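Colleague: One structure, as structure tokens, below. Some questions next.
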Amino acid sequence: MTLNKKLNSLSDEELIKEFQDNNTLEAYEILVKRFKDPLMNFVYRFLGDKDATTDIVQDTMIKFYLKKDSYQSIAKFSTWIYTIAGNLAKNELKRKNRRTILSLSNDDADDYTLQIEDKKFVAPDRAADNSIKAEMVEKALLKVKPIYREVVILRDIQGMSYEEISDMTDLSIGTVKSRINRGRAHLQKLLKNIY
Amino acid sequence: MKEEKFTADNEFNELKNLLKSLPKVDAPDNFEFNLMTKIQNNNFEVKSEKKKSWLSWSLTPAVAFATTVFVVLFFLFGGEESYNNPWETPPQLMEQNVADAQVLNSKTEKVEVKKKQNPKRLTVRNGIQKDYPFDKGSSINFDEYLQSEAGRAGSNNAQLAGGVSSNDSPFDGFFLRQRKIAERNDSLRREEDSLKQQNVNNK
């Protein structure tokens with residue numbers, strides 16, 4: 001049994017332990033392979049910008065490499081790495097918003113608003129099309145407040161449990177549930193006409 | 001009741017399905033290669049955490065808001081001074097003089113009160129004792145002072161003119177130089193004397 005095969009059979013927590021104890025780069029690479037796509041999906045849904053998402057997931061993996069010892073085995077590895085990615089994504093969003101406020105030509109933001117508001121003029125037969133629906137959902141999701149958007153993505157797109165979300169966001173389960181509900185309600189309001 | 005709760009819980013079912021059906025976004029093909037290259041080259045610069053430029057603090061919304069408030073307040077209240085009519089405001093110098101004079105008056109009054117309260121008996125020459133209402137150490141002989149002043153004025157051949165009698169004003173008057181007039185008077189007198197002498201001799 002080769003080392004890689006052996007490592008592949010290990011859980012996330014066992015792999016990070018291996019990486020922490022023996023500095024095994026293969027263990028790190030396996031974890032990167034396992035988490036790069038879910039993290040890309042999460043950050044992309046939160047930011048709506050593919051280039052920025054790639055940068056943030058790369059940065060998350062670099063932070064994971066550099067600060068591997070700050071992970072403690074009491075928590076799930078997925079919770080830890082999602083927390084890093086979430087924090088970096090939130091910082092990026094703040095920076096992006098600041099840039100949008102300061103920029104004199106605020107064309108992008110206007111486009112978003114117009115596209116979302118114009119959706120009622122899309123013909124019903126086109127609205128039925130999955131790709132257009134997905135685009136509408138994506139844009140509507142970006143209109144939801146970041147604090148609600150984050151938990152909705154983690155729950156409804158990433159399929160995480162309330163406990164995991166609570167650990168990641170450092171919020172009580174009650175707050176998580178309430179935020180998810182508010183986020184969903186806002187999203188539903190935005191997407192009313194495509195049901 | 002249970003049915004109602006069930007309906008509320010499933011209120012967002014369709015939305016959840018829509019969210020789940022969103023296409024998955026995958027990492028680019030060269031993601032791992034780029035990452036491992038960075039790690040091997042020890043290139044750990046975190047792009048999303050780049051150092052802020054020295055100007056970035058000034059671009060924050062809070063600073064922009066504070067600046068706006070300052071500018072608005074400046075235009076509302078700060079500009080009033082420039083609209084003051086200079087003819088309506090009393091000259092600052094006069095106000096200062098009056099204030100200084102008042103301060104001086106109040107000081108002298110205080111000193112006088114002090115002096116009256118503490119009269120001192122001092123022994124002057126030949127065993128004669130006199131009451132001085134002031135401390136000799138911190139005072140001067142008025143006669144000597146006047147003589148010396150007169151002497152100084154006399155030596156300069158000058159006298160005060162155009163002075164204000166009011167105690168409020170520190171202006172005593174202009175000094176007039178009289179040396180030339182006196183010299184001219186002397187020369188005229190000498191000429192007159194010489195002419196008189198000539199007349200006597202001629203006679």
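Within each chain, counting starts at residue 1; across the structure tokens, chains are named A, B, ... in the order shown, with ligands numbered 1 upward in that order.
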Excluding segment 55-63 of chain A and any residue of its chain fewer than 5 positions from it, enumerate the residues within 9 Å of it, using only C-alpha atoms, and give them as a list in words.
Modeller: Val32, Lys36, Leu39, Met40, Val43, Lys50, Lys68, Ile81, Tyr82, Ile84, Ala85, Leu88, Ala89 and Glu92 of chain A; Ala27, Phe31, Glu32, Asn34, Leu35, Lys38, Ile39, Phe44, Glu45, Val46, Lys47, Ser48 and Glu49 of chain B
Colleague: Take the residues from that selection and write them out as a short mmCIF file (atom, residue, chain, number, x, y, z; two decimals), in the first residue's frame, keeping C-alpha atoms.
Modeller:
```
data_model
loop_
_atom_site.label_atom_id
_atom_site.label_comp_id
_atom_site.auth_asym_id
_atom_site.auth_seq_id
_atom_site.Cartn_x
_atom_site.Cartn_y
_atom_site.Cartn_z
CA VAL A 32 -6.27 20.87 -0.70
CA LYS A 36 -10.62 23.47 -3.08
CA LEU A 39 -14.45 26.44 -0.89
CA MET A 40 -14.53 27.88 -4.41
CA VAL A 43 -16.66 31.97 -1.73
CA LYS A 50 -14.49 34.35 -9.98
CA LYS A 68 -1.41 24.50 10.58
CA ILE A 81 -10.94 25.94 6.95
CA TYR A 82 -14.38 27.37 6.13
CA ILE A 84 -10.59 31.06 7.36
CA ALA A 85 -12.14 31.30 3.88
CA LEU A 88 -11.02 36.37 3.98
CA ALA A 89 -14.14 36.60 1.82
CA GLU A 92 -12.61 41.19 0.42
CA ALA B 27 -11.30 25.66 -8.98
CA PHE B 31 -5.01 25.89 -8.95
CA GLU B 32 -2.92 23.21 -7.23
CA ASN B 34 0.07 27.55 -8.65
CA LEU B 35 -0.40 26.87 -4.96
CA LYS B 38 4.04 29.45 -4.28
CA ILE B 39 4.77 27.16 -1.35
CA PHE B 44 3.51 33.53 0.93
CA GLU B 45 2.14 36.94 0.08
CA VAL B 46 -1.56 36.83 0.89
CA LYS B 47 -3.16 38.82 -1.92
CA SER B 48 -6.38 39.54 -0.08
CA GLU B 49 -4.44 40.93 2.89
#
```
Colleague: Restrict the distance test to only C-alpha atoms, flag each residue of chain A within 6 Å of chain B, and return the flagged residues as a PyMOL selection string.
Modeller: chain A and resi 37+41+59+134+156-157
Colleague: Thr175 of chain A: which residues within 12 Å, counting only C-alpha atoms, same-chain residues fewer than 2 positions away excluded, as a list in words?
Modeller: Ile147, Tyr148, Val151, Tyr162, Glu163, Ile165, Ser166, Asp167, Thr169, Asp170, Leu171, Ser172, Ile173, Lys177, Ser178, Arg179, Ile180, Asn181, Arg182 and Gly183 of chain A
Colleague: With distances taken over only C-alpha atoms, which residue among A:Leu187, A:Leu142, A:Ile132, A:Ala27 lies nearest Leu10 of chain A?
Modeller: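 Once distances to Leu10 of chain A are computed over only C-alpha atoms, the minimum belongs to A:Ala27.
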Colleague: Report the distance between atom CA of Arg45 of chain A and atom CA of Trp80 of chain A in Å, rounded to one decimal place.
Modeller: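 Interatomic distance here is 19.0 Å.
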Colleague: Rounded to one decimal in Å, what is the spacing between atom CA of Asp12 of chain A and atom CA of Phe46 of chain A?
Modeller: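 Interatomic distance here is 24.2 Å.
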Colleague: Between atom CA of Lys6 of chain A and atom CA of Thr24 of chain A, what is the spacing in Å?
Modeller: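 Between these atoms lies a distance of 12.6 Å.
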Colleague: Point out the residue among A:Lys17, A:Leu47, A:Leu3, A:Lys192 with the least atom-to-atom distance to Lys133 of chain A, counting only C-alpha atoms.
Modeller: A:Lys192
Colleague: Between A:Leu15, A:Ala185, A:Met160, A:Leu25, which one has atoms that come closest to Pro38 of chain A, using only C-alpha atoms?
Modeller: A:Met160
Colleague: Go through A:Phe42, A:Tyr28, A:Leu154, A:Asn87 and flag the residue nearest Asn4 of chain A, using only C-alpha atoms for the distances.
Modeller: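 Once distances to Asn4 of chain A are computed over only C-alpha atoms, the minimum belongs to A:Tyr28.
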